[in-house]
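Student: Contents of final02.txt (compact mmCIF, C-alpha atoms) are given next:
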# COMPACT_ATOMS: atom_id res chain seq x y z
CA MET A 1 -19.91 4.97 25.74
CA LEU A 2 -19.48 7.16 22.68
CA LYS A 3 -19.12 5.46 19.30
CA SER A 4 -19.01 6.92 15.79
CA TYR A 5 -20.82 5.60 12.74
CA LYS A 6 -20.37 6.69 9.12
CA THR A 7 -22.58 5.66 6.24
CA GLU A 8 -23.73 6.90 2.85
CA ILE A 9 -27.00 8.80 2.52
CA ASN A 10 -29.35 9.38 -0.41
CA PRO A 11 -30.52 13.03 -0.13
CA THR A 12 -33.06 14.63 -2.42
CA LEU A 13 -32.10 17.34 -4.92
CA GLU A 14 -33.32 20.06 -2.54
CA GLN A 15 -31.32 18.58 0.32
CA ILE A 16 -28.21 18.37 -1.88
CA GLN A 17 -28.52 22.08 -2.63
CA LYS A 18 -28.75 22.87 1.11
CA ILE A 19 -25.74 20.68 1.89
CA ASN A 20 -23.63 22.26 -0.86
CA LYS A 21 -24.67 25.75 0.22
CA THR A 22 -23.80 25.06 3.87
CA ILE A 23 -20.42 23.52 2.98
CA GLY A 24 -19.62 26.49 0.70
CA THR A 25 -20.52 28.97 3.44
CA CYS A 26 -18.41 27.11 6.02
CA ARG A 27 -15.44 27.15 3.65
CA PHE A 28 -15.86 30.90 3.04
CA VAL A 29 -16.12 31.69 6.77
CA TYR A 30 -13.07 29.54 7.57
CA ASN A 31 -10.99 31.35 4.94
CA PHE A 32 -12.36 34.73 6.11
CA TYR A 33 -11.28 33.96 9.68
CA LEU A 34 -7.76 33.04 8.55
CA ALA A 35 -7.43 36.12 6.33
CA TYR A 36 -8.76 38.44 9.04
CA ASN A 37 -6.23 37.21 11.60
CA LYS A 38 -3.40 37.51 9.08
CA GLU A 39 -4.44 41.11 8.43
CA ARG A 40 -4.50 41.84 12.18
CA TYR A 41 -1.01 40.38 12.54
CA ASN A 42 0.31 42.56 9.70
CA ASN A 43 -1.20 45.62 11.40
CA GLY A 44 0.44 44.73 14.72
CA GLU A 45 -2.83 43.76 16.44
CA THR A 46 -3.40 40.76 18.71
CA PHE A 47 -4.85 37.42 17.64
CA MET A 48 -8.67 37.18 17.70
CA SER A 49 -10.11 33.97 19.11
CA GLY A 50 -12.93 32.08 17.43
CA LYS A 51 -15.54 33.18 19.97
CA SER A 52 -14.60 36.87 19.65
CA PHE A 53 -14.61 36.61 15.84
CA SER A 54 -18.10 35.06 15.87
CA VAL A 55 -19.43 37.95 17.99
CA TRP A 56 -17.70 40.54 15.78
CA LEU A 57 -19.02 38.89 12.61
CA ASN A 58 -22.66 38.85 13.75
CA LYS A 59 -22.83 42.21 15.56
CA GLU A 60 -20.46 44.44 13.60
CA TYR A 61 -19.46 43.09 10.21
CA LEU A 62 -22.72 41.70 8.80
CA PRO A 63 -24.92 44.68 9.82
CA ASN A 64 -22.47 47.01 8.02
CA HIS A 65 -22.12 44.71 5.00
CA PRO A 66 -25.63 43.56 3.97
CA ASP A 67 -24.23 41.95 0.81
CA TYR A 68 -22.88 39.14 3.01
CA MET A 69 -26.13 38.42 4.84
CA TRP A 70 -26.38 35.14 2.89
CA MET A 71 -24.18 33.67 5.64
CA LYS A 72 -27.28 33.71 7.85
CA GLU A 73 -29.21 31.45 5.45
CA VAL A 74 -27.42 28.27 6.58
CA SER A 75 -27.13 26.51 9.94
CA SER A 76 -25.48 28.75 12.53
CA LYS A 77 -23.98 25.69 14.27
CA SER A 78 -22.09 24.76 11.10
CA VAL A 79 -20.72 28.30 10.72
CA LYS A 80 -19.60 28.43 14.36
CA LYS A 81 -17.94 25.02 14.01
CA SER A 82 -15.93 26.20 10.99
CA ILE A 83 -14.70 29.20 13.03
CA GLU A 84 -13.77 26.86 15.90
CA ASN A 85 -11.84 24.67 13.45
CA GLY A 86 -9.90 27.73 12.28
CA CYS A 87 -9.14 28.70 15.88
CA SER A 88 -7.96 25.15 16.64
CA ALA A 89 -5.68 25.24 13.59
CA PHE A 90 -4.09 28.49 14.85
CA ILE A 91 -3.65 27.06 18.36
CA ARG A 92 -1.88 23.97 16.99
CA PHE A 93 0.37 26.27 14.95
CA PHE A 94 1.23 28.40 18.01
CA LYS A 95 2.13 25.24 19.96
CA GLY A 96 4.39 24.01 17.17
CA GLN A 97 2.22 20.95 16.48
CA SER A 98 1.46 21.83 12.86
CA LYS A 99 2.27 24.26 10.08
CA PHE A 100 0.51 27.57 9.46
CA PRO A 101 -3.15 26.86 8.50
CA ASN A 102 -3.90 26.90 4.79
CA PHE A 103 -6.91 28.31 3.01
CA LYS A 104 -9.49 25.74 1.95
CA LYS A 105 -10.08 25.42 -1.78
CA LYS A 106 -13.33 24.38 -3.41
CA GLY A 107 -13.30 20.80 -4.66
CA LYS A 108 -10.01 19.95 -2.95
CA SER A 109 -10.41 20.59 0.78
CA ASP A 110 -12.48 18.39 3.08
CA VAL A 111 -15.14 20.74 4.48
CA LYS A 112 -18.11 19.27 6.33
CA MET A 113 -21.57 20.37 7.44
CA TYR A 114 -21.74 20.09 11.23
CA PHE A 115 -24.94 19.54 13.20
CA VAL A 116 -25.69 18.97 16.88
CA LYS A 117 -28.69 17.80 18.88
CA ASN A 118 -30.47 20.91 20.19
CA ASN A 119 -33.90 19.52 21.07
CA PRO A 120 -35.48 16.06 21.45
CA ASN A 121 -36.81 16.06 17.88
CA ASP A 122 -33.36 16.57 16.32
CA CYS A 123 -30.99 13.78 15.29
CA PHE A 124 -33.71 11.14 15.45
CA CYS A 125 -32.69 7.90 13.72
CA GLU A 126 -34.85 5.11 12.35
CA ARG A 127 -33.80 1.97 10.51
CA HIS A 128 -33.80 3.48 7.01
CA ARG A 129 -33.58 7.25 7.63
CA ILE A 130 -32.13 9.90 9.92
CA LYS A 131 -33.46 13.33 10.85
CA ILE A 132 -30.81 16.04 10.47
CA PRO A 133 -31.41 19.67 11.56
CA THR A 134 -32.12 22.05 8.62
CA LEU A 135 -32.36 19.05 6.24
CA GLY A 136 -35.18 16.98 7.73
CA TRP A 137 -35.48 13.26 7.10
CA VAL A 138 -32.69 11.86 4.90
CA ARG A 139 -32.68 8.31 3.60
CA VAL A 140 -29.76 6.06 4.59
CA LYS A 141 -28.41 3.57 2.03
CA GLU A 142 -27.10 1.07 4.60
CA LYS A 143 -30.26 0.26 6.52
CA GLY A 144 -29.98 -0.68 10.17
CA TYR A 145 -26.28 0.24 10.49
CA ILE A 146 -26.76 3.25 12.78
CA PRO A 147 -28.46 2.26 16.06
CA THR A 148 -32.00 3.56 16.17
CA THR A 149 -32.83 6.17 18.80
CA THR A 150 -35.30 3.91 20.61
CA LYS A 151 -32.95 0.89 20.70
CA ASN A 152 -31.26 0.33 24.07
CA GLY A 153 -31.45 4.04 24.87
CA SER A 154 -28.96 5.07 22.15
CA ARG A 155 -28.83 8.82 21.46
CA ILE A 156 -27.09 10.77 18.68
CA LYS A 157 -25.04 13.63 20.16
CA SER A 158 -23.70 15.32 17.01
CA GLY A 159 -22.56 14.60 13.48
CA THR A 160 -21.35 15.86 10.13
CA VAL A 161 -22.46 15.60 6.51
CA SER A 162 -19.71 15.43 3.89
CA CYS A 163 -19.41 15.05 0.13
CA LYS A 164 -16.76 12.97 -1.60
CA ALA A 165 -16.58 12.17 -5.31
CA GLY A 166 -20.22 13.15 -5.81
CA ARG A 167 -21.45 10.91 -2.97
CA TYR A 168 -22.83 12.13 0.37
CA TYR A 169 -22.06 10.66 3.79
CA VAL A 170 -23.26 11.22 7.33
CA SER A 171 -21.04 10.60 10.34
CA VAL A 172 -22.69 10.61 13.77
CA LEU A 173 -21.47 10.30 17.34
CA VAL A 174 -23.82 7.99 19.25
CA ASP A 175 -24.03 7.63 23.03
CA ILE A 176 -24.49 3.90 23.62
CA PRO A 177 -25.13 2.39 27.06
CA ASP A 178 -22.13 0.49 28.42
CA THR A 179 -22.22 -3.25 27.80
CA GLU A 180 -20.52 -6.09 29.63
CA LYS A 181 -16.82 -6.57 28.91
CA THR A 182 -15.87 -9.36 26.53
CA GLN A 183 -14.34 -12.46 28.13
CA LEU A 184 -10.74 -12.53 26.81
CA ASN A 185 -8.44 -15.52 26.37
CA ASP A 186 -5.13 -15.95 28.18
CA PHE A 187 -2.73 -15.31 25.27
CA GLY A 188 -1.32 -12.42 23.29
CA LEU A 189 -0.65 -11.61 19.65
CA GLY A 190 2.27 -9.85 17.99
CA ILE A 191 1.69 -8.09 14.66
CA ASP A 192 4.55 -7.19 12.33
CA LEU A 193 3.49 -4.73 9.62
CA GLY A 194 5.39 -4.74 6.34
CA ILE A 195 5.38 -3.88 2.66
CA LYS A 196 5.81 -7.32 1.08
CA ASP A 197 2.93 -8.61 3.23
CA PHE A 198 0.56 -6.26 5.03
CA ALA A 199 0.51 -7.99 8.44
CA ILE A 200 2.23 -11.09 9.82
CA ILE A 201 0.60 -12.30 13.04
CA SER A 202 2.30 -14.45 15.64
CA ASN A 203 -0.47 -17.09 15.45
CA GLY A 204 0.68 -17.99 11.93
CA ILE A 205 -1.82 -15.94 9.92
CA THR A 206 -0.39 -13.75 7.14
CA LYS A 207 -2.47 -10.97 5.57
CA LYS A 208 -1.30 -10.38 2.02
CA ASN A 209 -0.64 -7.01 0.44
CA ILE A 210 -3.98 -5.88 -0.98
CA ASN A 211 -2.25 -3.61 -3.50
CA LYS A 212 -0.82 -6.63 -5.35
CA THR A 213 -4.23 -8.06 -6.21
CA ALA A 214 -5.40 -8.07 -9.82
CA LYS A 215 -8.43 -5.90 -9.00
CA LEU A 216 -6.42 -3.03 -7.53
CA LYS A 217 -3.76 -3.25 -10.24
CA LYS A 218 -6.50 -2.90 -12.85
CA LEU A 219 -8.02 0.10 -11.05
CA GLU A 220 -4.63 1.82 -10.66
CA LYS A 221 -3.95 1.29 -14.36
CA GLN A 222 -7.35 2.81 -15.16
CA LEU A 223 -6.62 5.71 -12.79
CA LYS A 224 -3.32 6.42 -14.55
CA ARG A 225 -5.15 6.50 -17.88
CA GLU A 226 -7.83 8.90 -16.62
CA GLN A 227 -5.25 11.19 -15.01
CA ARG A 228 -3.35 11.32 -18.27
CA CYS A 229 -6.59 12.28 -20.04
CA LEU A 230 -7.21 15.02 -17.45
CA SER A 231 -3.72 16.41 -17.98
CA ARG A 232 -4.34 16.64 -21.73
CA LYS A 233 -7.57 18.55 -21.13
CA TYR A 234 -5.72 21.12 -19.03
CA GLU A 235 -3.23 21.56 -21.86
CA ASP A 236 -6.13 22.03 -24.29
CA LEU A 237 -7.62 24.66 -21.95
CA LYS A 238 -4.44 26.74 -22.22
CA GLU A 239 -4.76 26.74 -26.00
CA CYS A 240 -8.49 27.52 -25.84
CA ASN A 241 -7.91 30.46 -23.48
CA LYS A 242 -5.65 32.02 -26.08
CA LYS A 243 -8.52 31.80 -28.59
CA MET A 244 -11.21 32.83 -26.00
CA LYS A 245 -13.05 29.50 -26.48
CA GLY A 246 -12.44 27.71 -23.18
CA GLU A 247 -15.95 27.30 -21.71
CA ALA A 248 -16.69 23.87 -23.24
CA THR A 249 -13.23 22.61 -22.24
CA ARG A 250 -13.81 23.71 -18.62
CA GLN A 251 -17.02 21.65 -18.49
CA ASN A 252 -15.19 18.62 -19.86
CA ILE A 253 -12.48 19.10 -17.22
CA GLN A 254 -15.08 19.03 -14.43
CA LYS A 255 -16.46 15.74 -15.80
CA GLN A 256 -12.98 14.26 -16.00
CA VAL A 257 -12.09 15.45 -12.48
CA LEU A 258 -15.17 13.62 -11.16
CA LYS A 259 -14.05 10.43 -12.94
CA VAL A 260 -10.62 10.65 -11.30
CA GLN A 261 -12.16 11.38 -7.88
CA LYS A 262 -14.46 8.35 -8.15
CA LEU A 263 -11.53 6.06 -8.97
CA HIS A 264 -9.50 7.46 -6.06
CA HIS A 265 -12.50 6.97 -3.78
CA ARG A 266 -13.06 3.39 -4.93
CA ILE A 267 -9.40 2.42 -4.45
CA ASP A 268 -9.34 4.04 -1.02
CA GLY A 269 -12.55 2.23 -0.07
CA ILE A 270 -11.09 -1.17 -1.02
CA ARG A 271 -8.00 -0.56 1.11
CA THR A 272 -10.03 0.70 4.08
CA ASP A 273 -12.38 -2.29 3.85
CA TYR A 274 -9.36 -4.65 3.88
CA ILE A 275 -8.01 -2.96 7.03
CA ASN A 276 -11.41 -3.23 8.76
CA LYS A 277 -11.70 -6.94 7.93
CA THR A 278 -8.12 -7.59 9.07
CA ILE A 279 -8.75 -5.93 12.44
CA ALA A 280 -12.04 -7.81 12.84
CA GLU A 281 -10.27 -11.11 12.20
CA ILE A 282 -7.55 -10.26 14.73
CA VAL A 283 -9.84 -9.23 17.60
CA LYS A 284 -12.21 -12.15 16.89
CA THR A 285 -9.70 -14.46 18.61
CA LYS A 286 -10.16 -12.34 21.81
CA PRO A 287 -6.52 -12.09 22.92
CA SER A 288 -5.70 -10.50 26.27
CA TYR A 289 -3.17 -8.17 24.62
CA ILE A 290 -1.91 -7.18 21.14
CA VAL A 291 1.59 -5.89 20.45
CA ILE A 292 2.57 -3.69 17.48
CA GLU A 293 5.64 -1.66 16.63
CA ASP A 294 5.85 2.14 16.66
CA LEU A 295 6.77 2.55 12.99
CA ASN A 296 8.52 5.67 11.74
CA VAL A 297 6.16 6.17 8.81
CA LYS A 298 7.29 9.75 8.21
CA GLY A 299 10.89 8.59 7.83
CA MET A 300 9.86 5.70 5.56
CA MET A 301 8.00 8.13 3.31
CA LYS A 302 11.24 9.99 2.61
CA ASN A 303 12.53 7.00 0.65
CA ARG A 304 11.38 7.69 -2.90
CA HIS A 305 11.56 3.99 -3.79
CA LEU A 306 9.19 2.98 -0.96
CA SER A 307 7.03 6.05 -0.39
CA LYS A 308 4.15 4.95 -2.64
CA ALA A 309 4.11 1.42 -1.21
CA VAL A 310 4.18 2.74 2.37
CA ALA A 311 1.40 5.26 1.73
CA SER A 312 -0.86 2.65 0.11
CA GLN A 313 -0.53 0.32 3.13
CA LYS A 314 -2.14 2.95 5.42
CA PHE A 315 -0.25 1.96 8.57
CA TYR A 316 -1.51 4.93 10.59
CA GLU A 317 -5.15 4.17 9.83
CA PHE A 318 -4.58 0.56 10.84
CA ARG A 319 -3.09 1.62 14.17
CA THR A 320 -5.83 4.13 15.03
CA LYS A 321 -8.63 1.70 14.17
CA LEU A 322 -6.97 -1.15 16.04
CA GLU A 323 -6.53 1.11 19.06
CA ALA A 324 -10.23 2.07 19.00
CA LYS A 325 -11.32 -1.56 18.65
CA CYS A 326 -9.06 -2.71 21.49
CA LYS A 327 -10.41 0.06 23.73
CA GLU A 328 -13.97 -1.00 22.93
CA LEU A 329 -13.36 -4.68 23.75
CA GLY A 330 -11.01 -4.13 26.70
CA ILE A 331 -7.93 -5.59 24.93
CA GLU A 332 -4.57 -4.15 26.02
CA LEU A 333 -2.69 -2.63 23.06
CA ARG A 334 1.07 -2.52 23.61
CA ILE A 335 3.32 -0.27 21.55
CA VAL A 336 6.96 -1.36 21.25
CA ASP A 337 9.69 1.23 20.62
CA ARG A 338 10.74 1.62 16.99
CA TRP A 339 14.37 0.82 17.88
CA TYR A 340 13.48 -2.58 19.31
CA PRO A 341 15.41 -5.18 17.17
CA SER A 342 12.40 -7.38 16.46
CA SER A 343 13.72 -8.54 13.07
CA LYS A 344 17.35 -9.11 14.14
CA LEU A 345 16.53 -10.88 17.41
CA CYS A 346 16.48 -14.69 17.49
CA HIS A 347 13.28 -15.88 19.13
CA LYS A 348 14.88 -19.15 20.30
CA CYS A 349 18.25 -18.17 21.81
CA GLY A 350 17.87 -14.38 22.12
CA GLY A 351 20.93 -13.59 20.00
CA ILE A 352 21.05 -10.53 17.75
CA LYS A 353 22.08 -10.92 14.11
CA LYS A 354 23.60 -7.53 13.31
CA ASP A 355 24.42 -8.30 9.66
CA LEU A 356 20.81 -9.06 8.71
CA LYS A 357 19.94 -7.41 5.37
CA LEU A 358 16.58 -6.30 4.06
CA SER A 359 16.92 -8.82 1.22
CA ASP A 360 17.21 -11.72 3.72
CA ARG A 361 13.65 -13.00 3.88
CA GLU A 362 14.54 -16.00 6.06
CA TYR A 363 16.07 -15.67 9.51
CA ILE A 364 18.88 -18.21 10.06
CA CYS A 365 20.57 -18.20 13.47
CA GLU A 366 23.80 -19.88 14.52
CA CYS A 367 21.87 -21.92 17.07
CA GLY A 368 20.08 -23.70 14.22
CA TYR A 369 16.82 -21.74 14.42
CA ARG A 370 15.26 -21.04 10.99
CA ALA A 371 12.07 -19.10 10.41
CA ASP A 372 10.49 -16.53 8.15
CA ARG A 373 11.95 -13.10 8.89
CA ASP A 374 8.63 -11.36 9.49
CA PHE A 375 7.14 -14.27 11.48
CA ASN A 376 10.19 -14.23 13.75
CA ALA A 377 9.66 -10.48 14.25
CA SER A 378 6.01 -11.00 15.20
CA LEU A 379 7.01 -13.59 17.83
CA ASN A 380 9.60 -11.20 19.29
CA LEU A 381 7.01 -8.43 19.43
CA ARG A 382 4.56 -10.70 21.23
CA ASP A 383 7.15 -11.53 23.90
CA ALA A 384 8.62 -8.01 24.23
CA LYS A 385 9.23 -6.95 27.82
CA THR A 386 9.54 -3.18 27.27
CA TYR A 387 6.51 -1.42 25.83
CA GLU A 388 3.97 1.34 26.34
CA VAL A 389 0.25 0.76 26.70
CA ALA A 390 -1.79 2.80 24.21
As a first step, turn the structure in this file into structure tokens.

Tutor:
Amino acid sequence: MLKSYKTEINPTLEQIQKINKTIGTCRFVYNFYLAYNKERYNNGETFMSGKSFSVWLNKEYLPNHPDYMWMKEVSSKSVKKSIENGCSAFIRFFKGQSKFPNFKKKGKSDVKMYFVKNNPNDCFCERHRIKIPTLGWVRVKEKGYIPTTTKNGSRIKSGTVSCKAGRYYVSVLVDIPDTEKTQLNDFGLGIDLGIKDFAIISNGITKKNINKTAKLKKLEKQLKREQRCLSRKYEDLKECNKKMKGEATRQNIQKQVLKVQKLHHRIDGIRTDYINKTIAEIVKTKPSYIVIEDLNVKGMMKNRHLSKAVASQKFYEFRTKLEAKCKELGIELRIVDRWYPSSKLCHKCGGIKKDLKLSDREYICECGYRADRDFNASLNLRDAKTYEVA
């Protein structure tokens, strides 16, 4: 069974330089691949695949352009992976699954250093450190999180090293021997996701909206203040450029950008941690199946009054992580159609209340049934007859 692990690492200064150099080279090669194919299209030539581009780059372009031989100074696996990522982006565009691939910009795009296990001495993991090709042994901050190589026959297949807000992370794909399936209980759970409350579960548990806590409100207020300060520095840079004195202002901007990135990263980490704990609490009861609704998040984001609240709830991340956890434990995850009237349906008599408004927080049926609107929806989801298994 393959399972991914991500944790923060503490590289040395020399290792940081190698990571930054590899990431910069991968970004350059990715953009070069995109620009080269755009040029071929403008000249009426056919599209060049990633494999053909890699051969052309190593055998034709670099020998004739020695100024670009610095591409050979980093891991060849990382460079090839960046070309493959560019080819995959083009393929998704040709199939109509995504827009035309964009160029990656330094400091804004998420570019990673890829590595793969080539020989038995690579990707060796101990309790407090991990051996990464071209970097050597790198210390891990969260000791014992990644399974050691000698434990239960676990083996690291591949991984990536990334940088976010000045902090470095390693993500590895570990091949773990299959374990016995968890003994599940004979009941199911329905989960109704919302904005007022994050998740209302059919067993009576309600997970509050993490964004309404005092800690996150304080951080968002601080973020707004730092972003306002960054905006002022950009305005000052325009004035300094007119006077040819903008170097000091640029350095101050880089410091301020890092402050904003760290706040964004901290807020995102708090929300992600809340989602992980919520999923752990749900699967801890060991239900035989879990039912959620196929939310139209893209349509909800078009509402300018709700877009920020919807984005901060991270519904898609919750669904993907819940799906992975259910697959790991053998729990059946059922997806109910988005048009299923879970909120308007009476759980007791089965009647549909068509005039139910969004402001009605309590469901009152003519049969005398009264319940919280979202709790009634979670019960209807649990007992839904039409669904798809994820």

Student: Would you kindly return, as a list in words, each protein, DNA or RNA residue with an atom no farther than 6 Å from any atom of A:Gly188, considering all atoms listed in the file and excluding same-chain residues fewer than 6 positions away?

Tutor: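 Final neighbour list, sorted by chain and number: Pro287, Ser288, Tyr289 and Ile290 of chain A.
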
Student: Using all atoms listed in the file, which protein or nucleic acid residues come within 9 Å of A:Asn37? Drop anything in the same chain fewer than 6 positions from it, and give the result as an MDAnalysis selection string.

Tutor: chainID A and resid 45:48

Student: For stretch 178-187 of chain A, list every protein, DNA or RNA residue within 10 Å, evaluated using all atoms listed in the file, and leave out those in the same chain fewer than 4 positions away; present the list as a list in words.

Tutor: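 So the residues in contact are Met1, Leu2, Val283, Thr285, Lys286, Pro287, Ser288, Tyr289, Ile290, Glu328, Leu329, Gly330, Ile331 and Arg382 of chain A.
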
Student: Show me a table, sorted first by chain and then by increasing residue number, of the residues of stretch 193-305 of chain A having an atom at most 12 Å from stretch 97-115 of chain A, each with its shortest atom pair and the distance in Å to one decimal, counting all atoms listed in the file and written as JSON lines.

Tutor:
{"residue": "A:Gln254", "atom": "CA", "partner": "A:Gly107", "partner_atom": "CA", "distance": 10.1}
{"residue": "A:Val257", "atom": "CA", "partner": "A:Gly107", "partner_atom": "CA", "distance": 9.6}
{"residue": "A:Leu258", "atom": "CA", "partner": "A:Gly107", "partner_atom": "CA", "distance": 9.9}
{"residue": "A:Gln261", "atom": "CA", "partner": "A:Gly107", "partner_atom": "CA", "distance": 10.0}

Student: For a cut-off of 10 Å around (28.4, -12.9, 14.3), file coordinates, pick out all residues using all atoms listed in the file and list them as number ranges by chain.

Tutor: A: 351-355, 365-366

Student: Set the distance at 8 Å and use all atoms listed in the file: which residues neighbour A:Gly50 once local chain neighbours fewer than 6 positions away are removed? I'd like the list as a ChimeraX atom specification.

Tutor: /A:83-84,86-87

Student: Is there a way to get, as number ranges by chain, all residues within 10 Å of the point (8.1, -1.6, 20.8) in file coordinates, counting all atoms listed in the file?

Tutor: A: 291-295, 334-342, 380-382, 384-388

Student: So that I can see what lies close to A:Asn85, please list as a list of chain:residue names the residues with an atom at most 10 Å from it, counting all atoms listed in the file and leaving out residues fewer than 5 positions away in the same chain.

Tutor: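 In the requested form, the answer reads A:Tyr30, A:Gly50, A:Val79, A:Lys80, A:Phe90, A:Ile91.
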
Student: Which one of A:Leu230, A:Glu332, A:Ser307, A:Ile191 sits closest to A:Asp374 if you count all atoms listed in the file?

Tutor: A:Ile191

Student: Counting all atoms listed in the file, which residue out of A:Ile195, A:Gly136, A:Pro177, A:Ala390 sits closest to A:Thr12?

Tutor: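 Counting all atoms listed in the file, the residue closest to A:Thr12 is A:Gly136.
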
Student: How many Å separate atom CA of A:Arg127 from atom CA of A:Val140?

Tutor: 8.3 Å

Student: Identify which of the residues A:Leu189, A:His264, A:Asn42, A:Tyr274 lies closest to A:Leu333, counting all atoms listed in the file when measuring atom-to-atom distances.

Tutor: A:Leu189

Student: Which value, in Å to one decimal, gives the distance between atom CA of A:Arg27 and atom CA of A:Ser78?

Tutor: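 About the pair atom CA of A:Arg27 and atom CA of A:Ser78: they are 10.3 Å apart.
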
Student: Hey, could you pull the box centre and edge lengths for stretch 30-46 of chain A, axis-aligned, 6 Å padding per side, all listed atoms, to one decimal in Å, as JSON?

Tutor:
{"center_x": -6.3, "center_y": 37.6, "center_z": 11.8, "size_x": 25.5, "size_y": 28.1, "size_z": 25.8}

Student: Could you check the closest approach to A:Met71 for each of A:Asn58, A:Ser162, A:Asn43, A:Ser154 and tell me which residue wins, using all atoms listed in the file?

Tutor: A:Asn58

Student: Could you work out how far atom CA of A:Val260 lies from atom CA of A:Lys224, giving the answer in Å with one decimal?

Tutor: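 Between these atoms lies a distance of 9.0 Å.
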
Student: My list of candidates is A:Lys314, A:Lys218, A:Lys262, A:Lys117. Which is closest to A:Ile275 when distances are computed with only C-alpha atoms?

Tutor: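 The answer is A:Lys314, which sits nearest to A:Ile275.
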